[in-house]
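J.: mmCIF, C-alpha atoms, file final28.cif:
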```
data_start
loop_
_atom_site.group_PDB
_atom_site.id
_atom_site.type_symbol
_atom_site.label_atom_id
_atom_site.label_comp_id
_atom_site.auth_asym_id
_atom_site.auth_seq_id
_atom_site.Cartn_x
_atom_site.Cartn_y
_atom_site.Cartn_z
ATOM 1 C CA MET A 1 14.834 25.600 -28.825
ATOM 2 C CA LEU A 2 15.983 29.058 -29.880
ATOM 3 C CA PRO A 3 19.336 30.610 -29.007
ATOM 4 C CA SER A 4 19.293 34.014 -27.351
ATOM 5 C CA LEU A 5 19.236 37.186 -29.402
ATOM 6 C CA ILE A 6 22.087 38.597 -27.333
ATOM 7 C CA LYS A 7 24.283 36.889 -24.736
ATOM 8 C CA PHE A 8 26.215 39.334 -22.610
ATOM 9 C CA CYS A 9 28.157 36.896 -20.472
ATOM 10 C CA LYS A 10 28.468 33.218 -19.660
ATOM 11 C CA PRO A 11 25.971 31.894 -17.092
ATOM 12 C CA GLN A 12 27.294 31.896 -13.541
ATOM 13 C CA ALA A 13 27.431 28.238 -12.528
ATOM 14 C CA ILE A 14 27.420 29.109 -8.811
ATOM 15 C CA SER A 15 24.072 30.889 -9.057
ATOM 16 C CA LYS A 16 20.936 28.887 -8.343
ATOM 17 C CA ASP A 17 18.688 31.881 -8.968
ATOM 18 C CA CYS A 18 17.512 33.217 -12.314
ATOM 19 C CA LEU A 19 15.591 36.465 -12.831
ATOM 20 C CA GLY A 20 13.271 36.961 -15.791
ATOM 21 C CA LEU A 21 12.388 40.557 -16.689
ATOM 22 C CA HIS A 22 9.691 41.258 -19.280
ATOM 23 C CA PHE A 23 9.393 44.848 -20.484
ATOM 24 C CA GLY A 24 5.953 46.046 -21.540
ATOM 25 C CA ARG A 25 4.891 49.494 -22.641
ATOM 26 C CA GLU A 26 3.335 50.449 -19.310
ATOM 27 C CA GLN A 27 4.856 47.976 -16.825
ATOM 28 C CA VAL A 28 7.773 45.651 -16.129
ATOM 29 C CA SER A 29 7.246 42.138 -14.759
ATOM 30 C CA LEU A 30 9.835 40.210 -12.776
ATOM 31 C CA ALA A 31 9.883 36.495 -11.960
ATOM 32 C CA CYS A 32 12.540 34.756 -9.899
ATOM 33 C CA SER A 33 13.291 31.062 -10.199
ATOM 34 C CA SER A 34 15.638 28.870 -8.221
ATOM 35 C CA ARG A 35 16.980 25.338 -8.523
ATOM 36 C CA SER A 36 15.821 23.043 -5.764
ATOM 37 C CA SER A 37 17.931 20.321 -4.172
ATOM 38 C CA ASN A 38 16.665 17.788 -6.738
ATOM 39 C CA GLY A 39 17.755 20.035 -9.627
ATOM 40 C CA GLN A 40 14.288 21.220 -10.675
ATOM 41 C CA THR A 41 13.651 24.866 -11.487
ATOM 42 C CA GLU A 42 10.887 26.468 -9.432
ATOM 43 C CA ILE A 43 9.297 29.928 -9.632
ATOM 44 C CA ARG A 44 9.801 31.507 -6.202
ATOM 45 C CA SER A 45 8.343 34.995 -6.678
ATOM 46 C CA ILE A 46 6.567 37.256 -9.172
ATOM 47 C CA HIS A 47 6.437 41.060 -9.059
ATOM 48 C CA GLN A 48 5.227 43.826 -11.339
ATOM 49 C CA LEU A 49 5.636 47.597 -11.258
ATOM 50 C CA VAL A 50 3.935 50.234 -13.387
ATOM 51 C CA LEU A 51 6.268 52.528 -15.301
ATOM 52 C CA GLN A 52 6.234 56.245 -14.582
ATOM 53 C CA GLN A 53 6.861 56.922 -18.266
ATOM 54 C CA PRO A 54 5.824 54.560 -21.078
ATOM 55 C CA LEU A 55 8.420 52.748 -23.175
ATOM 56 C CA PHE A 56 8.594 52.004 -26.902
ATOM 57 C CA GLN A 57 6.931 55.217 -28.017
ATOM 58 C CA GLY A 58 9.070 57.238 -30.394
ATOM 59 C CA SER A 59 12.716 57.316 -29.325
ATOM 60 C CA PRO A 60 13.990 56.996 -25.749
ATOM 61 C CA ASN A 61 15.331 60.085 -24.028
ATOM 62 C CA GLU A 62 17.265 60.750 -20.838
ATOM 63 C CA SER A 63 14.099 61.169 -18.776
ATOM 64 C CA VAL A 64 12.646 57.828 -19.921
ATOM 65 C CA GLN A 65 15.893 55.968 -19.281
ATOM 66 C CA SER A 66 16.326 57.574 -15.850
ATOM 67 C CA ALA A 67 12.774 56.639 -14.834
ATOM 68 C CA LEU A 68 13.349 53.063 -16.050
ATOM 69 C CA THR A 69 16.626 52.825 -14.122
ATOM 70 C CA ASN A 70 14.939 54.012 -10.920
ATOM 71 C CA MET A 71 12.096 51.534 -11.353
ATOM 72 C CA LEU A 72 14.504 48.634 -11.984
ATOM 73 C CA THR A 73 16.547 49.652 -8.941
ATOM 74 C CA THR A 74 13.416 49.352 -6.809
ATOM 75 C CA LEU A 75 12.108 46.177 -8.463
ATOM 76 C CA CYS A 76 15.421 44.303 -8.294
ATOM 77 C CA LYS A 77 16.897 45.760 -5.095
ATOM 78 C CA ASP A 78 17.301 42.332 -3.484
ATOM 79 C CA TRP A 79 19.576 41.143 -6.309
ATOM 80 C CA LYS A 80 21.699 44.237 -6.963
ATOM 81 C CA ASN A 81 25.401 43.429 -7.509
ATOM 82 C CA LYS A 82 24.776 39.727 -6.847
ATOM 83 C CA LEU A 83 25.850 36.816 -9.021
ATOM 84 C CA VAL A 84 22.452 35.865 -10.390
ATOM 85 C CA LEU A 85 21.365 34.947 -13.903
ATOM 86 C CA LEU A 86 19.359 37.784 -15.412
ATOM 87 C CA GLN A 87 17.385 37.152 -18.616
ATOM 88 C CA LEU A 88 15.570 39.991 -20.358
ATOM 89 C CA ALA A 89 12.550 39.866 -22.682
ATOM 90 C CA VAL A 90 11.600 42.809 -24.900
ATOM 91 C CA PRO A 91 8.114 42.967 -26.470
ATOM 92 C CA ASP A 92 7.592 41.284 -29.832
ATOM 93 C CA THR A 93 6.166 44.574 -31.116
ATOM 94 C CA ILE A 94 9.631 46.139 -31.480
ATOM 95 C CA ALA A 95 10.901 43.174 -33.496
ATOM 96 C CA VAL A 96 10.574 42.008 -37.084
ATOM 97 C CA SER A 97 11.062 38.288 -37.702
ATOM 98 C CA HIS A 98 11.381 36.642 -41.097
ATOM 99 C CA VAL A 99 12.590 33.329 -42.536
ATOM 100 C CA PHE A 100 14.590 33.517 -45.766
ATOM 101 C CA ALA A 101 15.027 30.574 -48.135
ATOM 102 C CA LEU A 102 18.621 30.536 -49.444
ATOM 103 C CA ASP A 103 20.810 28.334 -51.576
ATOM 104 C CA VAL A 104 23.429 28.374 -48.839
ATOM 105 C CA VAL A 105 23.655 29.970 -45.367
ATOM 106 C CA PRO A 106 26.895 31.924 -44.818
ATOM 107 C CA ILE A 107 29.189 30.259 -42.288
ATOM 108 C CA SER A 108 30.288 33.216 -40.188
ATOM 109 C CA GLU A 109 27.967 35.197 -37.916
ATOM 110 C CA ALA A 110 29.169 38.467 -39.428
ATOM 111 C CA GLU A 111 28.329 37.309 -42.964
ATOM 112 C CA GLN A 112 24.903 36.106 -41.848
ATOM 113 C CA GLN A 113 24.117 39.440 -40.224
ATOM 114 C CA ALA A 114 25.302 41.399 -43.254
ATOM 115 C CA LEU A 115 23.128 39.268 -45.527
ATOM 116 C CA ALA A 116 20.196 39.576 -43.113
ATOM 117 C CA ALA A 117 20.449 43.374 -42.978
ATOM 118 C CA TRP A 118 20.625 43.595 -46.772
ATOM 119 C CA ARG A 119 17.670 41.249 -47.374
ATOM 120 C CA MET A 120 15.532 42.875 -44.670
ATOM 121 C CA SER A 121 16.282 46.308 -46.128
ATOM 122 C CA ARG A 122 15.594 45.264 -49.707
ATOM 123 C CA GLU A 123 12.502 43.103 -49.161
ATOM 124 C CA LEU A 124 10.937 44.508 -45.983
ATOM 125 C CA HIS A 125 12.239 48.091 -46.272
ATOM 126 C CA LEU A 126 13.862 48.128 -42.838
ATOM 127 C CA PRO A 127 16.528 50.821 -42.361
ATOM 128 C CA LYS A 128 19.759 48.886 -41.754
ATOM 129 C CA GLU A 129 21.096 51.245 -39.107
ATOM 130 C CA GLN A 130 17.892 51.176 -37.021
ATOM 131 C CA TYR A 131 17.955 47.485 -36.120
ATOM 132 C CA GLU A 132 20.070 44.902 -34.362
ATOM 133 C CA TYR A 133 20.111 41.671 -36.393
ATOM 134 C CA ARG A 134 20.470 38.098 -35.183
ATOM 135 C CA CYS A 135 20.279 34.942 -37.283
ATOM 136 C CA GLN A 136 19.620 31.253 -36.751
ATOM 137 C CA ASP A 137 20.241 28.500 -39.280
ATOM 138 C CA LEU A 138 17.055 26.390 -39.260
ATOM 139 C CA GLY A 139 18.411 23.656 -41.502
ATOM 140 C CA ARG A 140 17.060 22.714 -44.912
ATOM 141 C CA GLN A 141 13.599 22.461 -46.406
ATOM 142 C CA ASP A 142 13.677 20.464 -49.645
ATOM 143 C CA GLU A 143 16.460 22.029 -51.714
ATOM 144 C CA GLN A 144 16.781 25.288 -49.797
ATOM 145 C CA ALA A 145 18.414 26.394 -46.561
ATOM 146 C CA LEU A 146 16.291 28.340 -44.069
ATOM 147 C CA LEU A 147 17.673 31.331 -42.168
ATOM 148 C CA LEU A 148 15.627 32.884 -39.368
ATOM 149 C CA VAL A 149 16.352 36.595 -39.009
ATOM 150 C CA THR A 150 15.205 38.660 -36.040
ATOM 151 C CA ALA A 151 15.615 42.424 -36.203
ATOM 152 C CA VAL A 152 15.031 44.472 -33.045
ATOM 153 C CA ASP A 153 14.902 48.246 -32.674
ATOM 154 C CA LYS A 154 18.466 49.125 -31.671
ATOM 155 C CA VAL A 155 17.843 52.346 -29.709
ATOM 156 C CA TRP A 156 15.395 50.589 -27.376
ATOM 157 C CA LEU A 157 17.751 47.636 -26.907
ATOM 158 C CA ASP A 158 20.485 50.082 -25.903
ATOM 159 C CA CYS A 159 18.106 51.970 -23.598
ATOM 160 C CA ILE A 160 17.068 48.808 -21.756
ATOM 161 C CA HIS A 161 20.601 47.467 -21.479
ATOM 162 C CA ASP A 162 21.920 50.777 -20.132
ATOM 163 C CA ALA A 163 19.066 51.103 -17.624
ATOM 164 C CA VAL A 164 19.612 47.541 -16.390
ATOM 165 C CA THR A 165 23.352 47.998 -15.908
ATOM 166 C CA ASP A 166 22.884 51.447 -14.325
ATOM 167 C CA ALA A 167 20.572 49.740 -11.810
ATOM 168 C CA GLY A 168 23.501 47.542 -10.752
ATOM 169 C CA LEU A 169 22.396 44.421 -12.623
ATOM 170 C CA LEU A 170 24.389 42.190 -14.958
ATOM 171 C CA PRO A 171 22.267 40.788 -17.800
ATOM 172 C CA SER A 172 23.222 37.470 -19.361
ATOM 173 C CA VAL A 173 20.547 37.093 -22.055
ATOM 174 C CA LEU A 174 18.348 39.524 -23.964
ATOM 175 C CA ASP A 175 15.754 38.221 -26.415
ATOM 176 C CA ILE A 176 12.293 38.905 -27.760
ATOM 177 C CA ALA A 177 9.396 37.680 -25.620
ATOM 178 C CA ALA A 178 8.246 35.185 -28.276
ATOM 179 C CA ALA A 179 11.563 33.328 -28.090
ATOM 180 C CA HIS A 180 11.360 32.996 -24.301
ATOM 181 C CA ARG A 181 7.778 31.729 -24.519
ATOM 182 C CA PHE A 182 8.645 29.288 -27.311
ATOM 183 C CA ASN A 183 11.544 27.897 -25.286
ATOM 184 C CA GLY A 184 9.602 27.859 -22.019
ATOM 185 C CA PHE A 185 6.644 25.893 -23.417
ATOM 186 C CA TYR A 186 8.526 24.123 -26.221
ATOM 187 C CA GLU A 187 7.649 20.533 -25.350
ATOM 188 C CA THR A 188 3.931 21.299 -25.127
ATOM 189 C CA LEU A 189 3.831 23.445 -28.264
ATOM 190 C CA THR A 190 5.749 21.042 -30.514
ATOM 191 C CA LYS A 191 4.576 17.691 -29.118
ATOM 192 C CA ALA A 192 2.548 16.966 -32.264
ATOM 193 C CA PRO A 193 4.670 16.759 -35.474
ATOM 194 C CA GLN A 194 2.497 19.358 -37.218
ATOM 195 C CA HIS A 195 2.468 23.043 -37.966
ATOM 196 C CA GLY A 196 1.124 25.000 -35.020
ATOM 197 C CA GLY A 197 0.576 28.429 -33.566
ATOM 198 C CA LEU A 198 0.537 30.358 -30.304
ATOM 199 C CA ILE A 199 -1.528 33.477 -29.597
ATOM 200 C CA THR A 200 -0.375 35.447 -26.567
ATOM 201 C CA LEU A 201 -2.262 38.358 -25.056
ATOM 202 C CA GLU A 202 -0.026 40.512 -22.921
ATOM 203 C CA GLN A 203 -1.338 43.482 -20.967
ATOM 204 C CA ASP A 204 -0.447 45.930 -23.725
ATOM 205 C CA TYR A 205 0.116 43.857 -26.891
ATOM 206 C CA TRP A 206 -0.801 40.622 -28.598
ATOM 207 C CA SER A 207 1.450 38.250 -30.492
ATOM 208 C CA LEU A 208 1.024 35.379 -32.970
ATOM 209 C CA GLN A 209 3.830 32.871 -33.497
ATOM 210 C CA LEU A 210 3.725 29.998 -35.992
ATOM 211 C CA TRP A 211 6.099 27.033 -36.372
ATOM 212 C CA ASP A 212 6.460 24.124 -38.763
ATOM 213 C CA ALA A 213 6.144 20.366 -38.277
ATOM 214 C CA GLN A 214 9.828 20.175 -37.295
ATOM 215 C CA GLY A 215 9.261 22.656 -34.446
ATOM 216 C CA ARG A 216 11.058 25.507 -36.212
ATOM 217 C CA PRO A 217 9.717 29.069 -35.822
ATOM 218 C CA ARG A 218 8.507 30.370 -39.185
ATOM 219 C CA PHE A 219 6.310 33.428 -38.541
ATOM 220 C CA LEU A 220 5.813 36.177 -35.957
ATOM 221 C CA ARG A 221 3.423 39.135 -35.830
ATOM 222 C CA ALA A 222 2.646 41.403 -32.878
ATOM 223 C CA ARG A 223 0.590 44.552 -32.342
ATOM 224 C CA TRP A 224 0.061 46.964 -29.477
ATOM 225 C CA HIS A 225 -3.439 47.124 -28.033
ATOM 226 C CA GLU A 226 -5.234 50.342 -28.930
ATOM 227 C CA GLY A 227 -6.368 52.163 -25.800
ATOM 228 C CA ASP A 228 -7.362 50.288 -22.671
ATOM 229 C CA THR A 229 -9.457 47.597 -24.333
ATOM 230 C CA VAL A 230 -8.558 44.378 -26.117
ATOM 231 C CA ASP A 231 -10.019 44.168 -29.624
ATOM 232 C CA VAL A 232 -10.896 40.474 -29.539
ATOM 233 C CA VAL A 233 -12.774 40.572 -32.860
ATOM 234 C CA GLY A 234 -9.903 42.364 -34.619
ATOM 235 C CA ILE A 235 -7.308 39.983 -33.187
ATOM 236 C CA CYS A 236 -9.277 36.934 -34.308
ATOM 237 C CA SER A 237 -9.643 38.376 -37.804
ATOM 238 C CA ASP A 238 -5.900 39.041 -38.084
ATOM 239 C CA VAL A 239 -5.034 35.597 -36.705
ATOM 240 C CA GLU A 240 -7.321 33.873 -39.201
ATOM 241 C CA ARG A 241 -5.859 35.849 -42.101
ATOM 242 C CA HIS A 242 -2.247 35.099 -41.129
ATOM 243 C CA ILE A 243 -2.875 31.389 -40.533
ATOM 244 C CA ARG A 244 -4.740 30.953 -43.814
ATOM 245 C CA ALA A 245 -1.878 32.642 -45.674
ATOM 246 C CA TYR A 246 0.643 30.451 -43.853
ATOM 247 C CA ILE A 247 -1.253 27.227 -44.654
ATOM 248 C CA ALA A 248 -1.489 28.211 -48.321
ATOM 249 C CA ASN A 249 2.317 28.429 -48.505
ATOM 250 C CA HIS A 250 3.327 25.397 -46.435
ATOM 251 C CA ASP A 251 2.670 21.715 -47.029
ATOM 252 C CA GLY A 252 1.356 19.531 -44.236
ATOM 253 C CA ASP A 253 -1.426 19.692 -41.668
ATOM 254 C CA PHE A 254 -1.922 22.579 -39.268
ATOM 255 C CA GLY A 255 -2.332 21.134 -35.786
ATOM 256 C CA ASN A 256 -3.050 23.016 -32.588
ATOM 257 C CA LEU A 257 -3.605 26.720 -32.089
ATOM 258 C CA PHE A 258 -2.549 27.471 -28.513
ATOM 259 C CA LEU A 259 -3.769 30.369 -26.419
ATOM 260 C CA LEU A 260 -1.884 32.076 -23.594
ATOM 261 C CA CYS A 261 -3.685 34.877 -21.787
ATOM 262 C CA LYS A 262 -5.412 35.933 -18.582
ATOM 263 C CA GLN A 263 -8.469 33.932 -17.649
ATOM 264 C CA GLY A 264 -10.873 36.881 -17.944
ATOM 265 C CA ILE A 265 -10.020 37.589 -21.577
ATOM 266 C CA ALA A 266 -9.528 33.935 -22.444
ATOM 267 C CA THR A 267 -13.215 33.020 -22.486
ATOM 268 C CA ASP A 268 -14.205 35.687 -25.007
ATOM 269 C CA LEU A 269 -11.186 35.122 -27.230
ATOM 270 C CA TYR A 270 -11.616 31.353 -27.045
ATOM 271 C CA LYS A 271 -15.227 31.568 -28.289
ATOM 272 C CA HIS A 272 -14.383 33.915 -31.167
ATOM 273 C CA LEU A 273 -11.432 31.782 -32.296
ATOM 274 C CA GLN A 274 -13.498 28.611 -32.144
ATOM 275 C CA ARG A 275 -16.159 30.222 -34.318
ATOM 276 C CA ARG A 276 -13.771 31.732 -36.876
ATOM 277 C CA MET A 277 -11.207 28.925 -37.077
ATOM 278 C CA HIS A 278 -13.740 26.067 -36.831
ATOM 279 C CA ALA A 279 -11.423 24.384 -34.341
ATOM 280 C CA THR A 280 -10.981 24.365 -30.584
ATOM 281 C CA PRO A 281 -7.968 26.347 -29.333
ATOM 282 C CA VAL A 282 -5.790 24.771 -26.656
ATOM 283 C CA MET A 283 -5.419 26.800 -23.492
ATOM 284 C CA ILE A 284 -1.952 26.824 -21.942
ATOM 285 C CA ALA A 285 -1.878 26.833 -18.147
ATOM 286 C CA PRO A 286 1.651 27.914 -17.121
ATOM 287 C CA GLU A 287 1.110 26.401 -13.678
ATOM 288 C CA GLU A 288 0.833 22.985 -15.344
ATOM 289 C CA GLN A 289 3.993 23.449 -17.418
ATOM 290 C CA ILE A 290 6.290 25.163 -14.905
ATOM 291 C CA ASN A 291 6.865 24.442 -11.207
ATOM 292 C CA PHE A 292 5.645 27.136 -8.817
ATOM 293 C CA ALA A 293 6.561 27.395 -5.152
ATOM 294 C CA ASN A 294 3.784 27.250 -2.580
ATOM 295 C CA ASN A 295 1.616 30.395 -2.451
ATOM 296 C CA VAL A 296 3.134 31.763 -5.701
ATOM 297 C CA THR A 297 0.624 32.475 -8.474
ATOM 298 C CA LEU A 298 0.497 34.488 -11.665
ATOM 299 C CA GLY A 299 -2.117 36.759 -10.098
ATOM 300 C CA THR A 300 -4.185 39.197 -12.136
ATOM 301 C CA GLY A 301 -1.257 40.626 -14.090
ATOM 302 C CA GLY A 302 -0.705 37.552 -16.242
ATOM 303 C CA SER A 303 3.093 37.633 -15.962
ATOM 304 C CA PHE A 304 3.498 34.417 -17.976
ATOM 305 C CA THR A 305 6.239 35.825 -20.194
ATOM 306 C CA ALA A 306 8.306 36.878 -17.172
ATOM 307 C CA VAL A 307 7.850 33.344 -15.787
ATOM 308 C CA ALA A 308 9.018 31.795 -19.065
ATOM 309 C CA THR A 309 11.948 34.237 -19.140
ATOM 310 C CA ALA A 310 12.991 33.105 -15.641
ATOM 311 C CA ILE A 311 13.684 29.560 -16.919
ATOM 312 C CA PRO A 312 17.501 29.390 -17.427
ATOM 313 C CA ARG A 313 18.628 28.975 -21.039
#
```
As structure tokens, how would this structure be written, given the file I've shared?
T.:
Amino acid sequence: MLPSLIKFCKPQAISKDCLGLHFGREQVSLACSSRSSNGQTEIRSIHQLVLQQPLFQGSPNESVQSALTNMLTTLCKDWKNKLVLLQLAVPDTIAVSHVFALDVVPISEAEQQALAAWRMSRELHLPKEQYEYRCQDLGRQDEQALLLVTAVDKVWLDCIHDAVTDAGLLPSVLDIAAAHRFNGFYETLTKAPQHGGLITLEQDYWSLQLWDAQGRPRFLRARWHEGDTVDVVGICSDVERHIRAYIANHDGDFGNLFLLCKQGIATDLYKHLQRRMHATPVMIAPEEQINFANNVTLGTGGSFTAVATAIPR
């Protein structure tokens, strides 16, 4: 499992409830989970509100942050100023993830972040001051150490954190959506000791995550949807290109390609992937992986990332 990108505070042991907030470009999804008497985590409610002003376009301003604060105040009014775990997921589209092969991984977190910022700037041309960097030591591969670096747009991280706290909420974890999904469905995704991949179609972006035979994340790409339609053909083409490049650079068999999306889009995407990849994708049904309370469903919004984010870490 992956550690969080940012931990703001220690989890409150007295809280049985956990909120998962997933921020999209046009909407915010909220899922609430609670521990039952037998210790199992169960999704108790799912909500979604459309944003008055879109996020992640250009730089945030006072109007955007104020509108987000007001929306969060409405969405989370039942939990304001309460001791409840709050985990946040930002879209993969505002993040850059890369795995560096090193002779040695620096011991301290500060040294890792300094190295990460320098390598990301030199090799991927990311402006150091624009991103927040977090690192994870993935262990060794042959003679080299692997360091996973995740860089997230700093101004949008600050905007979301400020809006959440201004709404009277206390966040405990903030991470990219891909990390929450990977943790939430980890056992299913990494059951086979092979390389694998997960395609996720959110309402306003799509994401491809790849991992190795040891269950370590090795690749992430995400793109916003253009307009109101989902370019299934374009997504399949990009997925095929990225997976072929990944296979060419990694030894071992590529196992399952998983698919997480709304049922309506799933059929079309499933057929195109099967034709292009010459393999059958594996559909993930969140209801089969995560416990839902009676009469609670994902609905038409496909809030699977919010549900995964509501699983305590």
J.: Exactly which residues make up the result of the PyMOL selection byres ((chain A and resi 19-36) around 6) on this file, given as a list in words?
T.: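 Selection result, ordered by chain and number: Lys16, Asp17, Cys18, Ser37, Asn38, Gly39, Gln40, Thr41, Glu42, Ile43, Arg44, Ser45, Ile46, His47, Gln48, Leu49, Val50, Leu51, Pro54, Leu55, Leu86, Gln87, Leu88, Ala89, Val90, Ala306, Val307, Thr309 and Ala310 of chain A.
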J.: Quick one: residues within 12 Å of segment 126-128 of chain A, only C-alpha atoms, excluding same-chain residues fewer than 3 positions away - as a VMD selection string?
T.: chain A and resid 95 to 98 113 to 123 131 to 133 150 to 154
J.: Name the residues in contact with Trp156 of chain A at a cut-off of 7 Å, using only C-alpha atoms, excluding same-chain residues fewer than 4 positions from it; report them as a list in words.
T.: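 Neighbouring residues, sequence-local ones excluded: Phe56, Pro60 and Ile160 of chain A.
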J.: Any idea what the distance is between atom CA of Ala163 of chain A and atom CA of Gln112 of chain A?
T.: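 Computing the Euclidean distance for atom CA of Ala163 of chain A and atom CA of Gln112 of chain A yields 29.1 Å.
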J.: List the residues selected by the PyMOL selection byres ((chain A and resi 76) around 10) in the file shown, writing them as JSON, numbers by chain.
T.: {"A": [19, 21, 30, 47, 71, 72, 73, 74, 75, 77, 78, 79, 80, 164, 167, 168, 169]}
J.: Pick the closest to Ile235 of chain A from A:His195, A:His180, A:Arg276, A:Lys262: which is it, counting all atoms listed in the file?
T.: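 Of A:His195, A:His180, A:Arg276, A:Lys262, the one nearest Ile235 of chain A is A:Arg276, counting all atoms listed in the file.
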J.: When the PyMOL selection byres ((chain A and resi 209-215) around 6) is applied to the structure above, which residues does it catch, written out as a PyMOL selection string?
T.: chain A and resi 190+193-198+208+216-220
J.: Could you give me, as a ChimeraX atom specification, the residues that sit within 9 Å of (8.6, 31.2, -27.3) in the file's coordinates, counting all atoms listed in the file?
T.: /A:1-2,176-186,198,209,217,305,308
J.: Which one is closest to Pro312 of chain A: A:Asn294, A:Thr165, A:Gln130, A:Ser172? Count all atoms listed in the file.
T.: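 Looking at the shortest contact to Pro312 of chain A, the residue is A:Ser172.
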J.: Find the spatial neighbours of Glu226 of chain A, counting all atoms listed in the file, within a cut-off of 12 Å - ignore same-chain residues fewer than 4 positions away - and output them as a list of chain:residue names.
T.: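 Listed by chain and then number, they are A:Arg25, A:Gln203, A:Asp204, A:Tyr205, A:Trp206, A:Val230, A:Asp231, A:Val232, A:Gly234, A:Ile235.
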J.: For atom CA of Thr93 of chain A and atom CA of Cys135 of chain A, quote the distance in Å rounded to one decimal.
T.: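 Value for the atom CA of Thr93 of chain A-atom CA of Cys135 of chain A distance: 18.2 Å.
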J.: Please report the interatomic distance between atom CA of Trp224 of chain A and atom CA of Glu202 of chain A in Å with one decimal.
T.: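 Taking atom CA of Trp224 of chain A as the start and atom CA of Glu202 of chain A as the end point, the length is 9.2 Å.
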J.: Between A:Leu102, A:Leu157, A:Leu148, A:Leu170, which has the minimum distance to Leu83 of chain A (counting all atoms listed in the file)?
T.: A:Leu170
J.: Under the rule that all atoms listed in the file are counted, which of A:Asp158, A:Asp92, A:Glu240, A:Asp103 is the nearest residue to Gln144 of chain A?
T.: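 Using all atoms listed in the file, the shortest distance to Gln144 of chain A belongs to A:Asp103.
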J.: Kindly indicate which residue among A:Ala266, A:Ala279, A:Leu201, A:Leu147 lies nearest to Phe254 of chain A, using only C-alpha atoms for the distances.
T.: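 Going through A:Ala266, A:Ala279, A:Leu201, A:Leu147 one by one, the smallest distance to Phe254 of chain A is for A:Ala279.
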J.: So which one's closest to Ala285 of chain A, A:Thr188, A:Asp238, A:Asp268, A:Val64? Using only C-alpha atoms, please.
T.: A:Thr188
